[in-house]
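Following: one structure in structure tokens, then a few remarks.
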Amino acid sequence: MARLSSVRLPRKALLEINGKPIIEYVFESLYKCKNGSQIILLTSINKEDDELCEWANSKNVDIFRGPLNEVASRALEAANKYGFDSFVRISGDSPLINHRFVDYGISLFNNYNYDLVTNIYPRTFPKGQSVEIIHTKTLSKILQKKISVEENEHVTKFFYNNHDKFKILNFELNKTLDELGQLKVEQLNISNIQMSLDSRIDFENIGRVVSLLNGISPGDIEFKTLTELFQKNLTQIPSEKLSEIL
């Protein structure tokens with residue numbers, strides 16, 4: 001899901017790192033997923049998002065456009081159009097999204113009977129590693145009710161506001177890393193680490209990490225390594241020292 005009308009950092013999805021837009025890094029990581037069937041750019045019908053669609057067309061990415069602020073309704077319309085019984089929600093401002101976490105979340109959803117599988121309720125993963133798998137029929141039933149504007153804009157907010165009415169499974173970071181055969185992080189909760197793109201400082205930090213990865217997918221290195229980079233103040237670490245850490 002992406003749009004170009006972000007207030008804090010306008011056009012962030014198309015800001016470039018090493019000549020490649022942020023949104024492209026997101027899609028490149030998601031294409032590595034083994035459990036997903038189809039990846040779609042979900043954006044708005046607003047004219048300012050035409051440029052985002054131009055990028056998608058140039059990369060043969062499927063596009064679905066709908067109302068700017070009625071994101072839940074837009075997601076449901078897309079799911080119905082493509083015949084999805086469920087779908088994964090990934091934000092377009094997450095260029096370091098780990099495809100292994102997405103696959104793990106999908107496997108949990110496929111193996112159990114849940115309305116929503118998530119890693120943000122409560123959050124233990126860094127921002128920018130958020131994964132939500134949503135049951136289409138459940139979302140359809142929700143949208144038949146009278147929900148708030150905010151709940152329609154933030155897709156899963158109604159689930160969390162009424163958590164006692166839904167089957168919700170939350171997967172935690174260290175248990176996930178353990179099951180994926182990766183090193184655990186020292187803290188149980190590192191949700192204070194900012195891996196999503198919301199500000200110019202985020203852009204600088206993410207840009208340095210992406211440059212150091214040099215084409216390696218974030219899911220193909222130890223996640224603990226990434227967290228250690230972000231736990232240090234990247235803007236104050238010389239590039240030669242960063243390469244030693246990696």
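Chain labels run A, B, ... following the order of the structure tokens; each chain numbers its residues from 1, and ligands are numbered from 1 in the order shown.
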Next on the checklist: DSSP on the backbone, helix (DSSP H, G or I) only: what residues of range 17-168 of chain A does that give? Format it as a ChimeraX atom specification.
Outcome noted: /A:22-30,47-58,71-82,99-111,136-143,149-153,157-161,163-165
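For Asn174 in chain A, the set of protein, DNA and RNA residues having any atom at most 7 Å away, when counting only C-alpha atoms and skipping those fewer than 2 positions along the same chain, is A:Glu172, A:Thr176, A:Leu177, A:Asp178, A:Lys184, A:Val185, A:Leu188.
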I need the residues from that last selection saved to file as an mmCIF file, in the first residue's frame (with N, CA and C atoms), if you can.
data_model
loop_
_atom_site.group_PDB
_atom_site.id
_atom_site.type_symbol
_atom_site.label_atom_id
_atom_site.label_comp_id
_atom_site.auth_asym_id
_atom_site.auth_seq_id
_atom_site.Cartn_x
_atom_site.Cartn_y
_atom_site.Cartn_z
ATOM 1 N N GLU A 172 5.764 -12.919 17.706
ATOM 2 C CA GLU A 172 6.777 -12.084 18.328
ATOM 3 C C GLU A 172 8.150 -12.292 17.694
ATOM 4 N N THR A 176 10.068 -15.798 16.384
ATOM 5 C CA THR A 176 10.132 -15.884 14.924
ATOM 6 C C THR A 176 11.557 -16.139 14.465
ATOM 7 N N LEU A 177 12.510 -15.361 15.011
ATOM 8 C CA LEU A 177 13.917 -15.530 14.636
ATOM 9 C C LEU A 177 14.389 -16.946 14.974
ATOM 10 N N ASP A 178 13.977 -17.451 16.133
ATOM 11 C CA ASP A 178 14.371 -18.791 16.552
ATOM 12 C C ASP A 178 13.841 -19.842 15.571
ATOM 13 N N LYS A 184 18.866 -14.598 17.920
ATOM 14 C CA LYS A 184 17.905 -13.744 18.616
ATOM 15 C C LYS A 184 18.542 -12.396 18.943
ATOM 16 N N VAL A 185 17.702 -11.387 19.122
ATOM 17 C CA VAL A 185 18.182 -10.083 19.570
ATOM 18 C C VAL A 185 18.161 -10.069 21.098
ATOM 19 N N LEU A 188 13.708 -8.164 24.151
ATOM 20 C CA LEU A 188 12.487 -8.824 23.690
ATOM 21 C C LEU A 188 11.656 -7.914 22.808
#
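Closest approach to Ile40 in chain A among A:Leu229, A:Leu143, A:Ile23, A:Val155: A:Ile23, based on only C-alpha atoms.
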Checklist entry - With only C-alpha atoms as the basis for distance, which of A:Thr124, A:Thr225, A:Ser140, A:Asn161 is at the shortest distance from Ile190 in chain A? => result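 Closest residue, counting only C-alpha atoms: A:Thr124.
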Item to check | DSSP-assigned strand (DSSP E or B) among range 39-81 of chain A, expressed as number ranges by chain | outcome: A: 40-44, 62-66
Checklist entry - Counting only C-alpha atoms, which of A:Leu169, A:Leu197, A:Leu42, A:Val7 gets nearest to Asn111 in chain A? => result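 Closest to Asn111 in chain A, using only C-alpha atoms: A:Leu169.
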Checklist entry - Of the candidates A:Ser29, A:Thr138, A:Asn214, A:Ser196, which shows the shortest atom-to-atom distance to Lys12 in chain A, using only C-alpha atoms? => result A:Ser196
Checklist entry - So how many Å separate CA of Asn205 in chain A and CA of Thr118 in chain A, to one decimal? => result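 One can read the CA of Asn205 in chain A to CA of Thr118 in chain A distance as 26.0 Å.
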Next on the checklist: I'd like the contact shell of Leu15 in chain A - 12 Å cut-off, only C-alpha atoms, skipping same-chain residues fewer than 5 positions apart - returned as a list of chain:residue names.
Outcome noted: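 Residues near the query, excluding close chain neighbours: A:Leu4, A:Leu9, A:Pro10, A:Lys20, A:Pro21, A:Ile22, A:Ile23, A:Glu24, A:Tyr25, A:Glu51, A:Leu52, A:Trp55, A:Gly92, A:Asp93, A:Pro95, A:Leu197, A:Asp198, A:Ser199, A:Arg200, A:Asp202, A:Phe203, A:Glu204, A:Ile206, A:Gly207.
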Selection from above, C-alpha atoms, as a tab-separated table (two decimals), in the first residue's frame, can you write it?
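And here's part22.tsv as it stands now:
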chain	number	residue	atom	x	y	z
A	4	LEU	CA	2.50	10.08	-2.58
A	9	LEU	CA	7.67	13.25	3.86
A	10	PRO	CA	5.89	13.91	0.55
A	20	LYS	CA	16.12	3.15	-7.28
A	21	PRO	CA	12.82	4.31	-5.67
A	22	ILE	CA	11.90	3.18	-2.17
A	23	ILE	CA	8.83	1.31	-3.42
A	24	GLU	CA	11.02	-0.80	-5.71
A	25	TYR	CA	13.05	-2.07	-2.76
A	51	GLU	CA	3.35	8.99	-11.03
A	52	LEU	CA	3.40	6.01	-8.70
A	55	TRP	CA	6.49	3.42	-12.03
A	92	GLY	CA	5.16	1.02	0.83
A	93	ASP	CA	7.48	2.92	3.16
A	95	PRO	CA	12.24	-0.76	2.00
A	197	LEU	CA	10.62	5.85	6.10
A	198	ASP	CA	8.87	8.76	7.82
A	199	SER	CA	11.49	11.53	7.87
A	200	ARG	CA	14.64	12.81	6.20
A	202	ASP	CA	15.10	7.91	8.28
A	203	PHE	CA	15.91	8.37	4.60
A	204	GLU	CA	19.58	9.02	5.38
A	206	ILE	CA	18.05	3.64	5.44
A	207	GLY	CA	20.08	4.88	2.48
Item to check | Neighbour list for range 69-81 of chain A as a PyMOL selection string, cut-off 12 Å, only C-alpha atoms, skip fewer than 4 positions in-chain | outcome: chain A and resi 1-3+5-6+38-46+62-65+85-91+133-145+147-159
Residue subset to file, keeping N, CA and C atoms, as a compact mmCIF listing (two decimals), in the first residue's frame:
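Output saved as out11.txt:
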# COMPACT_ATOMS: atom_id res chain seq x y z
N MET A 1 0.84 -1.19 0.00
CA MET A 1 0.00 0.00 0.00
C MET A 1 0.88 1.24 0.00
N ALA A 2 0.59 2.17 -0.90
CA ALA A 2 1.43 3.36 -0.99
C ALA A 2 0.65 4.51 -1.58
N ARG A 3 1.08 5.70 -1.22
CA ARG A 3 0.53 6.94 -1.80
C ARG A 3 1.63 7.99 -1.75
N SER A 5 1.03 11.32 -1.09
CA SER A 5 0.56 12.53 -0.39
C SER A 5 0.91 12.53 1.10
N SER A 6 1.98 11.83 1.47
CA SER A 6 2.41 11.84 2.88
C SER A 6 2.72 13.25 3.33
N GLN A 38 0.38 -13.35 -5.46
CA GLN A 38 0.41 -12.21 -6.36
C GLN A 38 0.64 -10.94 -5.55
N ILE A 39 1.47 -10.05 -6.09
CA ILE A 39 1.79 -8.80 -5.39
C ILE A 39 1.19 -7.64 -6.18
N ILE A 40 0.43 -6.80 -5.49
CA ILE A 40 -0.31 -5.72 -6.14
C ILE A 40 0.01 -4.39 -5.47
N LEU A 41 0.17 -3.36 -6.24
CA LEU A 41 0.29 -2.01 -5.70
C LEU A 41 -1.10 -1.46 -5.45
N LEU A 42 -1.41 -1.17 -4.22
CA LEU A 42 -2.70 -0.61 -3.84
C LEU A 42 -2.50 0.87 -3.56
N THR A 43 -3.06 1.71 -4.41
CA THR A 43 -2.90 3.15 -4.24
C THR A 43 -4.22 3.86 -4.50
N SER A 44 -4.18 5.18 -4.48
CA SER A 44 -5.43 5.94 -4.58
C SER A 44 -5.72 6.37 -6.02
N ILE A 45 -6.94 6.86 -6.21
CA ILE A 45 -7.35 7.38 -7.52
C ILE A 45 -6.94 8.84 -7.70
N ASN A 46 -6.33 9.43 -6.68
CA ASN A 46 -5.91 10.83 -6.77
C ASN A 46 -4.85 11.02 -7.85
N ASP A 62 1.05 -5.14 -11.08
CA ASP A 62 -0.40 -4.96 -11.08
C ASP A 62 -0.79 -3.83 -10.14
N ILE A 63 -1.80 -3.06 -10.54
CA ILE A 63 -2.22 -1.88 -9.78
C ILE A 63 -3.71 -1.96 -9.48
N PHE A 64 -4.06 -1.55 -8.27
CA PHE A 64 -5.47 -1.34 -7.95
C PHE A 64 -5.59 0.02 -7.29
N ARG A 65 -6.53 0.85 -7.81
CA ARG A 65 -6.71 2.20 -7.28
C ARG A 65 -8.10 2.36 -6.70
N ASP A 85 -8.92 -14.96 -0.87
CA ASP A 85 -9.60 -15.30 0.39
C ASP A 85 -8.96 -14.56 1.56
N SER A 86 -7.70 -14.21 1.38
CA SER A 86 -6.96 -13.43 2.38
C SER A 86 -5.91 -12.62 1.64
N PHE A 87 -5.34 -11.64 2.33
CA PHE A 87 -4.29 -10.84 1.70
C PHE A 87 -3.33 -10.30 2.76
N VAL A 88 -2.13 -9.98 2.32
CA VAL A 88 -1.10 -9.45 3.21
C VAL A 88 -1.02 -7.94 3.01
N ARG A 89 -0.97 -7.24 4.12
CA ARG A 89 -0.82 -5.79 4.06
C ARG A 89 0.61 -5.41 4.42
N ILE A 90 1.32 -4.79 3.47
CA ILE A 90 2.68 -4.30 3.69
C ILE A 90 2.71 -2.83 3.27
N SER A 91 3.31 -2.00 4.08
CA SER A 91 3.38 -0.57 3.78
C SER A 91 4.48 -0.29 2.76
N ILE A 133 -1.79 -10.21 7.94
CA ILE A 133 -2.51 -11.07 6.99
C ILE A 133 -3.97 -11.07 7.40
N ILE A 134 -4.83 -10.66 6.50
CA ILE A 134 -6.23 -10.36 6.82
C ILE A 134 -7.17 -11.30 6.06
N HIS A 135 -8.14 -11.83 6.78
CA HIS A 135 -9.16 -12.68 6.16
C HIS A 135 -10.17 -11.78 5.44
N THR A 136 -10.34 -12.02 4.15
CA THR A 136 -11.18 -11.14 3.32
C THR A 136 -12.63 -11.13 3.79
N LYS A 137 -13.20 -12.31 4.11
CA LYS A 137 -14.61 -12.37 4.53
C LYS A 137 -14.83 -11.59 5.83
N THR A 138 -13.84 -11.65 6.73
CA THR A 138 -13.96 -10.92 7.99
C THR A 138 -13.97 -9.42 7.74
N LEU A 139 -13.07 -8.97 6.88
CA LEU A 139 -13.03 -7.54 6.55
C LEU A 139 -14.33 -7.12 5.89
N SER A 140 -14.89 -7.97 5.04
CA SER A 140 -16.15 -7.65 4.38
C SER A 140 -17.28 -7.46 5.40
N LYS A 141 -17.33 -8.34 6.40
CA LYS A 141 -18.35 -8.22 7.44
C LYS A 141 -18.17 -6.93 8.24
N ILE A 142 -16.93 -6.56 8.49
CA ILE A 142 -16.64 -5.32 9.23
C ILE A 142 -17.15 -4.11 8.47
N LEU A 143 -16.89 -4.09 7.18
CA LEU A 143 -17.26 -2.93 6.37
C LEU A 143 -18.76 -2.83 6.11
N GLN A 144 -19.49 -3.86 6.45
CA GLN A 144 -20.94 -3.78 6.39
C GLN A 144 -21.51 -3.05 7.60
N LYS A 145 -20.66 -2.88 8.61
CA LYS A 145 -21.06 -2.14 9.81
C LYS A 145 -20.76 -0.65 9.60
N ILE A 147 -18.48 1.86 10.58
CA ILE A 147 -17.20 2.05 11.24
C ILE A 147 -16.76 3.50 11.08
N SER A 148 -15.79 3.91 11.89
CA SER A 148 -15.34 5.30 11.87
C SER A 148 -14.46 5.56 10.65
N VAL A 149 -14.31 6.84 10.34
CA VAL A 149 -13.43 7.25 9.23
C VAL A 149 -12.01 6.75 9.48
N GLU A 150 -11.56 6.88 10.72
CA GLU A 150 -10.21 6.45 11.08
C GLU A 150 -10.05 4.94 10.92
N GLU A 151 -11.06 4.19 11.28
CA GLU A 151 -10.99 2.73 11.15
C GLU A 151 -10.97 2.29 9.70
N ASN A 152 -11.63 3.05 8.83
CA ASN A 152 -11.59 2.73 7.41
C ASN A 152 -10.24 3.10 6.81
N GLU A 153 -9.64 4.15 7.32
CA GLU A 153 -8.36 4.62 6.79
C GLU A 153 -7.21 3.70 7.20
N HIS A 154 -7.31 3.10 8.37
CA HIS A 154 -6.21 2.32 8.91
C HIS A 154 -6.48 0.81 8.91
N VAL A 155 -7.29 0.35 8.01
CA VAL A 155 -7.55 -1.06 7.66
C VAL A 155 -7.80 -1.99 8.85
N THR A 156 -6.79 -2.19 9.71
CA THR A 156 -6.93 -3.17 10.78
C THR A 156 -7.30 -2.54 12.13
N LYS A 157 -7.51 -1.26 12.17
CA LYS A 157 -7.78 -0.58 13.44
C LYS A 157 -9.06 -1.11 14.10
N PHE A 158 -10.07 -1.44 13.30
CA PHE A 158 -11.31 -1.98 13.86
C PHE A 158 -11.06 -3.33 14.52
N PHE A 159 -10.18 -4.14 13.93
CA PHE A 159 -9.81 -5.42 14.54
C PHE A 159 -9.26 -5.19 15.95
Checklist entry - Which one is closest to Pro126 in chain A: A:Leu108, A:Ile221, A:Leu183, A:Leu226? Count only C-alpha atoms. => result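 Going through A:Leu108, A:Ile221, A:Leu183, A:Leu226 one by one, the smallest distance to Pro126 in chain A is for A:Leu226.
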Checklist entry - What gap, in Å, lies between CA of Asn35 in chain A and CA of Ala56 in chain A? => result 22.0 Å
Item to check | Two-atom distance - CA of Glu16 in chain A, CA of Tyr104 in chain A (Å) | outcome: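 Computing the Euclidean distance for CA of Glu16 in chain A and CA of Tyr104 in chain A yields 28.8 Å.
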Checklist entry - Closest to Met195 in chain A among A:Asn98, A:Asn57, A:Asn110, A:Ser37, using only C-alpha atoms? => result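 With only C-alpha atoms as the atom set, the closest residue is A:Asn98.
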